[in-house]
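So this one's target24.cif, mmCIF, C-alpha atoms:
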```cif
data_query
#
loop_
_atom_site.label_atom_id
_atom_site.label_comp_id
_atom_site.auth_asym_id
_atom_site.auth_seq_id
_atom_site.Cartn_x
_atom_site.Cartn_y
_atom_site.Cartn_z
CA MET A 8 -12.57 20.46 -26.59
CA LYS A 9 -14.73 17.42 -25.87
CA LYS A 10 -12.67 16.58 -22.76
CA ILE A 11 -12.93 20.11 -21.42
CA CYS A 12 -16.69 20.21 -22.07
CA VAL A 13 -17.28 16.91 -20.24
CA LEU A 14 -15.00 18.05 -17.43
CA ALA A 15 -16.93 21.33 -17.15
CA VAL A 16 -20.32 19.57 -17.18
CA SER A 17 -19.19 17.13 -14.50
CA VAL A 18 -18.00 19.97 -12.26
CA LEU A 19 -21.25 21.85 -12.93
CA PHE A 20 -23.26 18.76 -11.95
CA ILE A 21 -21.26 18.30 -8.75
CA VAL A 22 -21.69 21.94 -7.75
CA THR A 23 -25.43 21.82 -8.56
CA GLY A 24 -25.78 18.65 -6.50
CA LEU A 25 -23.89 20.18 -3.59
CA LEU A 26 -26.07 23.30 -3.69
CA LYS A 27 -29.17 21.09 -3.63
CA GLY A 28 -27.78 19.20 -0.64
CA GLU A 29 -27.59 15.85 -2.45
CA GLN A 30 -24.41 14.94 -0.58
CA MET A 31 -26.44 14.77 2.65
CA GLU A 32 -28.80 12.34 0.98
CA VAL A 33 -25.82 10.16 -0.02
CA LEU A 34 -24.50 10.39 3.54
CA GLY A 35 -27.89 9.52 5.01
CA LYS A 36 -28.09 6.38 2.89
CA ALA A 37 -24.45 5.36 3.38
CA VAL A 38 -24.38 5.51 7.18
CA LYS A 39 -27.15 2.92 7.56
CA ILE A 40 -26.61 -0.76 6.86
CA CYS A 41 -28.42 -1.48 3.61
CA LEU A 42 -29.99 -4.88 4.28
CA GLU A 43 -30.88 -5.34 0.62
CA CYS A 44 -27.29 -4.65 -0.44
CA ILE A 45 -25.91 -7.33 1.88
CA GLY A 46 -28.57 -9.83 0.87
CA ILE A 47 -30.91 -9.80 3.87
CA GLY A 48 -33.80 -7.44 3.12
CA MET B 1 6.41 9.64 -27.88
CA SER B 2 9.06 12.21 -28.86
CA GLY B 3 7.64 15.22 -30.69
CA MET B 4 4.28 14.99 -28.95
CA HIS B 5 2.49 17.91 -27.39
CA TRP B 6 4.06 19.49 -24.30
CA ASP B 7 1.05 18.65 -22.18
CA ARG B 8 1.38 14.94 -22.84
CA VAL B 9 3.20 13.47 -19.91
CA LYS B 10 4.48 9.91 -19.89
CA VAL B 11 2.94 7.99 -17.05
CA LYS B 12 5.13 5.34 -15.54
CA VAL B 13 3.17 2.76 -13.68
CA LEU B 14 4.52 1.60 -10.34
CA SER B 15 3.43 -1.82 -9.25
CA ARG B 16 -0.21 -2.16 -10.17
CA ARG B 17 -0.78 -4.79 -7.51
CA THR B 18 0.63 -2.46 -4.82
CA ILE B 19 -1.73 0.29 -5.91
CA GLN B 20 -4.69 -2.12 -5.96
CA PHE B 21 -3.97 -3.30 -2.41
CA ALA B 22 -3.40 0.26 -1.21
CA ALA B 23 -6.68 1.43 -2.78
CA ALA B 24 -8.63 -1.47 -1.23
CA ALA B 25 -7.07 -0.69 2.18
CA VAL B 26 -7.74 3.04 1.96
CA LEU B 27 -11.33 2.62 0.75
CA ASN B 28 -12.02 0.11 3.54
CA GLY B 29 -9.82 1.62 6.21
CA TYR B 30 -12.27 1.54 9.13
CA VAL B 31 -10.74 -1.55 10.73
CA LEU B 32 -12.82 -1.23 13.91
CA GLY B 33 -15.91 -1.86 11.82
CA PHE B 34 -14.78 -5.40 11.05
CA GLN B 35 -14.16 -6.07 14.74
CA LYS B 36 -17.47 -4.66 15.93
CA GLY B 37 -19.66 -5.61 12.98
CA ARG B 38 -20.70 -1.98 12.56
CA ILE B 39 -20.31 0.41 9.66
CA TYR B 40 -18.51 3.73 9.58
CA THR B 41 -20.83 6.73 10.03
CA GLY B 42 -18.44 9.66 9.50
CA GLY B 43 -18.78 12.55 7.06
CA SER B 44 -16.55 10.98 4.38
CA LYS B 45 -19.50 8.78 3.48
CA ALA B 46 -21.07 11.78 1.78
CA VAL B 47 -18.49 11.29 -0.98
CA CYS B 48 -18.89 8.57 -3.59
CA VAL B 49 -15.79 6.49 -4.22
CA PRO B 50 -14.97 5.81 -7.88
CA VAL B 51 -15.36 2.04 -7.56
CA LEU B 52 -17.86 -0.67 -6.66
CA ASN B 53 -17.30 -0.73 -2.90
CA CYS B 54 -20.40 -1.43 -0.82
CA TYR B 55 -21.14 1.27 1.73
CA SER B 56 -22.46 -1.43 4.02
CA CYS B 57 -18.99 -2.98 4.17
CA PRO B 58 -17.87 -2.51 7.81
CA GLY B 59 -14.62 -0.91 6.67
CA ALA B 60 -16.02 1.38 3.96
CA LEU B 61 -15.10 5.05 4.35
CA GLY B 62 -17.05 6.30 1.33
CA ALA B 63 -20.31 5.69 -0.52
CA CYS B 64 -20.82 3.31 -3.43
CA PRO B 65 -21.75 5.34 -6.53
CA VAL B 66 -24.07 2.67 -7.96
CA GLY B 67 -25.98 2.40 -4.68
CA ALA B 68 -26.12 6.20 -4.38
CA LEU B 69 -27.33 6.49 -7.99
CA GLN B 70 -30.18 4.06 -7.37
CA ALA B 71 -31.07 5.80 -4.08
CA ALA B 72 -31.31 9.16 -5.85
CA LEU B 73 -33.46 7.81 -8.68
CA GLY B 74 -35.69 5.58 -6.58
CA GLY B 75 -35.57 7.05 -3.08
CA ILE B 76 -38.10 9.01 -1.03
CA ARG B 77 -37.69 12.08 -3.24
CA PRO B 78 -36.67 10.79 -6.69
CA HIS B 79 -34.60 13.36 -8.54
CA PHE B 80 -31.96 13.78 -11.22
CA PRO B 81 -28.71 12.65 -9.53
CA PHE B 82 -26.55 15.72 -10.24
CA TYR B 83 -24.01 15.04 -7.51
CA VAL B 84 -23.50 11.31 -8.11
CA LEU B 85 -23.55 11.61 -11.89
CA GLY B 86 -21.15 14.56 -11.76
CA LEU B 87 -18.67 12.57 -9.67
CA LEU B 88 -18.95 9.56 -11.97
CA MET B 89 -18.41 11.74 -15.04
CA LEU B 90 -15.40 13.37 -13.37
CA PHE B 91 -13.80 10.00 -12.60
CA GLY B 92 -14.66 8.81 -16.10
CA ILE B 93 -13.29 11.78 -18.03
CA VAL B 94 -10.06 11.90 -16.02
CA LEU B 95 -9.26 8.19 -15.69
CA GLY B 96 -11.65 6.15 -17.85
CA ARG B 97 -11.39 2.47 -16.93
CA LEU B 98 -8.05 3.00 -15.20
CA VAL B 99 -10.36 2.96 -12.18
CA CYS B 100 -11.18 -0.70 -12.93
CA GLY B 101 -7.58 -1.73 -13.47
CA PHE B 102 -5.99 0.03 -10.51
CA LEU B 103 -8.53 1.05 -7.89
CA CYS B 104 -11.43 -1.42 -7.75
CA PRO B 105 -11.23 -3.85 -4.80
CA PHE B 106 -13.52 -6.36 -6.52
CA GLY B 107 -11.28 -6.17 -9.59
CA LEU B 108 -8.37 -7.03 -7.30
CA VAL B 109 -10.30 -10.01 -5.88
CA GLN B 110 -10.93 -11.30 -9.41
CA ASP B 111 -7.27 -10.76 -10.34
CA LEU B 112 -6.16 -12.77 -7.30
CA PHE B 113 -8.52 -15.63 -8.12
CA HIS B 114 -7.18 -15.62 -11.67
CA LYS B 115 -3.71 -16.26 -10.22
CA ILE B 116 -4.87 -19.75 -9.15
CA PRO B 117 -3.29 -22.14 -11.67
CA SER B 118 -5.93 -23.46 -14.08
CA PRO B 119 -6.53 -23.88 -17.80
CA GLU B 120 -7.49 -20.54 -19.38
CA ILE B 121 -10.92 -20.59 -20.96
CA ARG B 122 -11.27 -18.47 -24.07
CA ILE B 123 -14.88 -17.50 -24.76
CA PRO B 124 -15.64 -17.73 -28.51
CA GLY B 125 -15.35 -14.29 -30.10
CA LYS B 126 -18.97 -13.81 -31.12
CA ILE B 127 -20.39 -14.91 -27.74
CA ASP B 128 -17.79 -12.80 -25.93
CA ARG B 129 -18.62 -9.69 -27.96
CA LEU B 130 -22.37 -10.11 -27.40
CA ALA B 131 -22.01 -10.93 -23.69
CA ARG B 132 -20.05 -7.73 -23.12
CA TYR B 133 -23.24 -5.77 -23.85
CA ILE B 134 -24.90 -7.30 -20.75
CA LYS B 135 -23.16 -4.78 -18.50
CA TYR B 136 -24.72 -1.89 -20.45
CA ILE B 137 -28.15 -3.51 -20.12
CA ILE B 138 -27.60 -3.91 -16.35
CA LEU B 139 -26.50 -0.27 -16.08
CA LEU B 140 -29.54 1.00 -17.94
CA ALA B 141 -32.17 -1.46 -16.76
CA LEU B 142 -31.29 -2.18 -13.12
CA ALA B 143 -29.47 0.98 -12.09
CA VAL B 144 -31.37 3.65 -14.06
CA ILE B 145 -34.63 2.77 -15.85
CA LEU B 146 -36.19 0.33 -13.37
CA PRO B 147 -35.55 2.45 -10.24
CA THR B 148 -36.86 5.56 -12.03
CA ALA B 149 -39.96 3.86 -13.43
CA ALA B 150 -40.76 1.97 -10.23
CA ALA B 151 -40.27 5.06 -8.06
CA ILE B 152 -42.72 7.05 -10.18
CA LYS B 153 -45.28 4.27 -9.85
CA GLU B 154 -44.77 2.91 -6.35
CA GLY B 155 -42.68 5.33 -4.27
CA ILE B 156 -39.55 4.00 -2.56
CA ILE B 157 -38.11 0.99 -4.36
CA PRO B 158 -35.19 -1.33 -3.57
CA PRO B 159 -31.78 -0.86 -5.19
CA TYR B 160 -32.27 -3.66 -7.72
CA PHE B 161 -28.63 -4.07 -8.77
CA CYS B 162 -27.39 -4.11 -5.17
CA LYS B 163 -30.18 -6.38 -4.02
CA TYR B 164 -30.08 -9.04 -6.71
CA ILE B 165 -26.63 -8.93 -8.32
CA CYS B 166 -23.81 -6.97 -6.68
CA PRO B 167 -21.17 -9.54 -5.63
CA ALA B 168 -19.04 -6.78 -4.06
CA GLY B 169 -21.88 -6.13 -1.61
CA THR B 170 -22.11 -9.83 -0.73
CA LEU B 171 -18.37 -10.17 -0.27
CA GLY B 172 -17.59 -6.83 1.38
CA GLY B 173 -20.87 -6.23 3.21
CA GLY B 174 -22.88 -9.43 3.56
CA LEU B 175 -20.21 -11.90 4.67
CA PRO B 176 -18.51 -9.71 7.33
CA HIS B 177 -21.88 -8.83 8.85
CA MET B 178 -22.98 -12.46 8.83
CA ILE B 179 -19.76 -13.47 10.59
CA ALA B 180 -20.10 -10.70 13.19
CA SER B 181 -23.84 -10.91 13.87
CA PRO B 182 -25.73 -14.11 14.80
CA GLY B 183 -29.01 -12.21 14.37
CA LEU B 184 -28.25 -11.44 10.75
CA ARG B 185 -27.21 -15.04 10.13
CA GLN B 186 -30.65 -16.15 11.28
CA ALA B 187 -32.33 -13.52 9.10
CA ALA B 188 -30.51 -14.65 5.96
CA GLY B 189 -32.82 -16.45 3.58
CA LEU B 190 -33.30 -17.20 -0.07
CA LEU B 191 -32.02 -13.81 -1.20
CA PHE B 192 -28.71 -14.26 0.58
CA GLN B 193 -28.41 -17.80 -0.79
CA TRP B 194 -28.94 -16.45 -4.31
CA LYS B 195 -26.37 -13.70 -3.83
CA ALA B 196 -23.84 -16.05 -2.24
CA ALA B 197 -24.30 -18.51 -5.11
CA LEU B 198 -23.80 -15.73 -7.64
CA LEU B 199 -20.65 -14.60 -5.82
CA ILE B 200 -19.28 -18.16 -5.86
CA VAL B 201 -20.03 -18.51 -9.59
CA ILE B 202 -18.23 -15.23 -10.32
CA LEU B 203 -15.23 -16.16 -8.20
CA VAL B 204 -14.94 -19.62 -9.77
CA ALA B 205 -15.32 -18.05 -13.22
CA SER B 206 -12.53 -15.62 -12.27
CA ILE B 207 -10.16 -18.56 -11.94
CA LEU B 208 -10.85 -19.59 -15.53
CA ILE B 209 -11.53 -16.25 -17.22
CA CYS B 210 -9.84 -12.95 -16.44
CA ARG B 211 -12.25 -10.55 -14.74
CA PRO B 212 -15.60 -12.02 -15.84
CA PHE B 213 -17.60 -9.57 -13.72
CA CYS B 214 -15.78 -6.55 -15.21
CA ARG B 215 -16.17 -7.91 -18.74
CA TYR B 216 -19.81 -8.86 -18.68
CA LEU B 217 -21.73 -7.55 -15.66
CA CYS B 218 -20.31 -4.45 -13.98
CA PRO B 219 -22.52 -1.35 -14.51
CA LEU B 220 -19.75 0.93 -13.29
CA GLY B 221 -17.30 -0.52 -15.81
CA ALA B 222 -19.98 0.02 -18.45
CA PHE B 223 -20.28 3.67 -17.46
CA TYR B 224 -16.53 4.34 -17.43
CA SER B 225 -16.09 2.51 -20.74
CA LEU B 226 -18.09 5.30 -22.38
CA PHE B 227 -15.19 7.66 -21.56
CA ASN B 228 -12.27 5.40 -22.46
CA ARG B 229 -11.78 6.72 -25.99
CA PHE B 230 -11.44 10.34 -24.93
CA SER B 231 -10.48 10.39 -21.24
CA ILE B 232 -7.58 12.54 -20.08
CA TYR B 233 -5.54 9.41 -19.28
CA GLN B 234 -4.91 7.61 -22.57
CA MET B 235 -2.95 4.70 -23.90
CA TYR B 236 -0.86 5.33 -27.02
CA LEU B 237 0.45 2.99 -29.72
CA ASP B 238 3.41 4.30 -31.70
CA GLU B 239 2.66 2.74 -35.11
CA GLY B 240 6.15 3.63 -36.33
CA ARG B 241 7.67 1.40 -33.68
CA CYS B 242 5.05 -1.37 -33.72
CA THR B 243 6.34 -4.49 -35.47
CA GLY B 244 2.91 -6.14 -35.57
CA CYS B 245 4.03 -9.11 -33.45
CA LYS B 246 0.71 -8.93 -31.52
CA LYS B 247 2.32 -10.01 -28.25
CA CYS B 248 0.28 -7.23 -26.65
CA GLU B 249 -2.99 -8.70 -27.87
CA ARG B 250 -2.10 -12.18 -26.64
CA ALA B 251 -1.17 -10.73 -23.23
CA CYS B 252 -4.22 -8.48 -22.85
CA PRO B 253 -6.41 -9.87 -20.03
CA MET B 254 -9.49 -8.14 -21.41
CA GLY B 255 -9.07 -9.41 -24.97
CA VAL B 256 -8.55 -5.96 -26.48
CA GLU B 257 -7.27 -5.76 -30.07
CA VAL B 258 -4.50 -3.41 -29.02
CA THR B 259 -3.12 -2.74 -32.51
CA ARG B 260 -6.59 -1.89 -33.85
CA GLU B 261 -8.06 0.14 -30.96
CA ILE B 262 -5.76 0.65 -28.00
CA ASN B 263 -8.30 2.82 -26.15
CA SER B 264 -11.10 0.32 -26.58
CA PRO B 265 -14.01 0.63 -24.11
CA GLU B 266 -12.92 -2.76 -22.75
CA CYS B 267 -9.37 -1.66 -21.85
CA ILE B 268 -8.88 -1.41 -18.08
CA ARG B 269 -5.46 0.26 -18.54
CA CYS B 270 -3.64 -2.47 -16.65
CA GLY B 271 -0.50 -1.79 -18.70
CA LYS B 272 0.29 -5.40 -19.62
CA CYS B 273 0.50 -4.46 -23.31
CA ARG B 274 3.07 -1.81 -22.46
CA SER B 275 5.21 -4.02 -20.29
CA ILE B 276 5.28 -6.89 -22.78
CA CYS B 277 5.91 -4.86 -25.96
CA PRO B 278 9.48 -5.66 -27.15
CA ALA B 279 9.54 -2.56 -29.37
CA ARG B 280 8.33 -0.22 -26.60
CA ALA B 281 5.59 0.96 -28.91
CA VAL B 282 2.95 1.22 -26.19
CA SER B 283 2.86 4.04 -23.67
CA ALA B 284 0.39 6.02 -21.57
CA TYR B 285 -0.02 9.74 -21.28
CA VAL B 286 -2.27 12.40 -19.86
CA SER B 287 -3.61 15.17 -22.08
CA VAL B 288 -6.47 17.61 -21.81
CA LYS B 289 -6.26 18.27 -25.56
CA GLU B 290 -7.99 16.02 -28.10
#
```
Would you mind giving the structure from this file in C-alpha cells?
Amino acid sequence: MKKICVLAVSVLFIVTGLLKGEQMEVLGKAVKICLECIGIG
Amino acid sequence: MSGMHWDRVKVKVLSRRTIQFAAAAVLNGYVLGFQKGRIYTGGSKAVCVPVLNCYSCPGALGACPVGALQAALGGIRPHFPFYVLGLLMLFGIVLGRLVCGFLCPFGLVQDLFHKIPSPEIRIPGKIDRLARYIKYIILLALAVILPTAAAIKEGIIPPYFCKYICPAGTLGGGLPHMIASPGLRQAAGLLFQWKAALLIVILVASILICRPFCRYLCPLGAFYSLFNRFSIYQMYLDEGRCTGCKKCERACPMGVEVTREINSPECIRCGKCRSICPARAVSAYVSVKE
C-alpha cells in the first residue's frame, strides 16, 4: 500500500507541475550554461 | 524465491559496467557539444534525468534534478517544486538506489578510479556511520533549506550545492568548457580552483575507498536512500539458504551488513552480494506489493 501511495503522490506531483508549466522553467534553466555550476560565476 | 508472490519477478542483471557506460553515453549523447563547446538546447532538457549529470555538460540531453530543485526553490519565482520532486519520488519508489549503482555517470567515474590498484582503506565503523549522515545534511541544508531561506530574504540566489560542491559539474561541465573556450579559462578564478581541488580529492579518495562521494556527500543518493527499504525494486535474502558465511558483507563495496539489512539505505544494488553468494541466497525482484 505504501508503494502505491508514494507512486500515486509522485505521479500527482508530476501532473501538477506539468499543469503549472514547471517543465518550461526547468528547460529555461537547463538550456543556458550555468556559470556557477561549472565553477566560474 | 520459489513460493513467492506471482508479481515478484526475478531480475537478472546483465553486465553492470555495460549498463553504466550505456547510461553515461545516452545521458550525454550530444557529441557535437563537446566539439563546439556549446550545450544542447533541445526540448529533452525539460526532463530531469534520475542522476547527478550537470545540465551544463556539453553532451547533456536532460536536466540535473538537484540543479532544477535549487532553481525552483531559489529562482525568480520560488515555489514548491512539484515537477522535480515528483520525478525524483518516481525514480526513488521504482528503483531506489539502483539509480546510483547502474545509471549515475559520476558513480561510474568513481568505480573506474577504484579499479586502480591500491591498498583499500577501511574507515573505522563509528566515523563511517557518522560521516554517512553528511549527505543528508547537504541535501537539506544546501539543496533545500538555504535556497528557500535565502530566496525569501534576497530574491534570486545561487545554486549552493552546484556552485560550491558538485564534482560532477566540475568534471562534466567545467572541464570541457574550459578546454573548449579560452575566454572561460581566463575567467576561472578561486571558485574554479576550489571546485577542481575538491574534484581531485574525491577522485583520489575513490582510488582508496569505494564511492566516497556516494557514501558521504551525494544529496541525490541521500534522497533515493529514503526509498531503498520499500522501493519496487528490492533485494532479497533467502534466510533458509544463507549459511552465514558473510562473503556478501566482505564483498559489499558500500559496507552494507547484508545479512542484517539487505535493503539498507546505503545499498546501491550493484549485485556483488548476489554474484558472490555460494548458496545463491541473494536475489533481486520487483514487486508493487509490500
**OP:** Please return, as a VMD selection string, all residues of chain B lying within 6 Å of chain A when all atoms listed in the file are considered.
**Re:** chain B and resid 41 45 to 46 55 to 56 63 68 82 to 83 86 89 to 90 162 to 163 169 to 170 173 to 174 188 191 to 192
**OP:** Name the residues that the PyMOL selection byres ((chain B and resi 138) around 12) pulls out of this structure, and write them as JSON, numbers by chain.
**Re:** {"B": [66, 131, 132, 133, 134, 135, 136, 137, 139, 140, 141, 142, 143, 144, 145, 146, 147, 160, 161, 162, 164, 165, 166, 213, 216, 217, 218, 219, 220, 221, 222, 223]}
Compile the contact shell of range 241-250 of chain B as a PDB file with C-alpha atoms, in the coordinates of the input: residues with an atom at most 9 Å away, counting all atoms listed in the file, same-chain residues fewer than 2 positions apart removed.
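After the write, result-v1.pdb holds the following:
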```pdb
ATOM      1  CA  LEU B 237       0.450   2.990 -29.720  1.00  0.00           C
ATOM      2  CA  ASP B 238       3.410   4.300 -31.700  1.00  0.00           C
ATOM      3  CA  GLU B 239       2.660   2.740 -35.110  1.00  0.00           C
ATOM      4  CA  CYS B 252      -4.220  -8.480 -22.850  1.00  0.00           C
ATOM      5  CA  PRO B 253      -6.410  -9.870 -20.030  1.00  0.00           C
ATOM      6  CA  GLY B 255      -9.070  -9.410 -24.970  1.00  0.00           C
ATOM      7  CA  VAL B 256      -8.550  -5.960 -26.480  1.00  0.00           C
ATOM      8  CA  GLU B 257      -7.270  -5.760 -30.070  1.00  0.00           C
ATOM      9  CA  VAL B 258      -4.500  -3.410 -29.020  1.00  0.00           C
ATOM     10  CA  THR B 259      -3.120  -2.740 -32.510  1.00  0.00           C
ATOM     11  CA  LYS B 272       0.290  -5.400 -19.620  1.00  0.00           C
ATOM     12  CA  CYS B 273       0.500  -4.460 -23.310  1.00  0.00           C
ATOM     13  CA  ARG B 274       3.070  -1.810 -22.460  1.00  0.00           C
ATOM     14  CA  SER B 275       5.210  -4.020 -20.290  1.00  0.00           C
ATOM     15  CA  ILE B 276       5.280  -6.890 -22.780  1.00  0.00           C
ATOM     16  CA  CYS B 277       5.910  -4.860 -25.960  1.00  0.00           C
ATOM     17  CA  PRO B 278       9.480  -5.660 -27.150  1.00  0.00           C
ATOM     18  CA  ALA B 279       9.540  -2.560 -29.370  1.00  0.00           C
ATOM     19  CA  ARG B 280       8.330  -0.220 -26.600  1.00  0.00           C
ATOM     20  CA  ALA B 281       5.590   0.960 -28.910  1.00  0.00           C
ATOM     21  CA  VAL B 282       2.950   1.220 -26.190  1.00  0.00           C
TER      22      VAL B 282
END
```
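Proximity ranking of B:Thr18, B:Pro50, B:Leu27, B:His79 relative to Ile152 in chain B places B:His79 first, based on all atoms listed in the file.
Across the structure, CA of Tyr224 in chain B and CA of Thr148 in chain B are spaced 21.1 Å apart.
Of the listed residues B:Cys104, B:Ile39, B:Ala187, B:Leu73, the one whose atoms come nearest to Val26 in chain B is B:Cys104, with distances taken using only C-alpha atoms.
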Can you report as AutoDock Vina command-line options the centre and edge lengths in Å, to one decimal, of an axis-aligned box around the listed atoms of range 53-60 of chain B padded with 8 Å on each side?
```
--center_x -18.5 --center_y -0.8 --center_z 2.5 --size_x 23.8 --size_y 20.4 --size_z 26.7
```
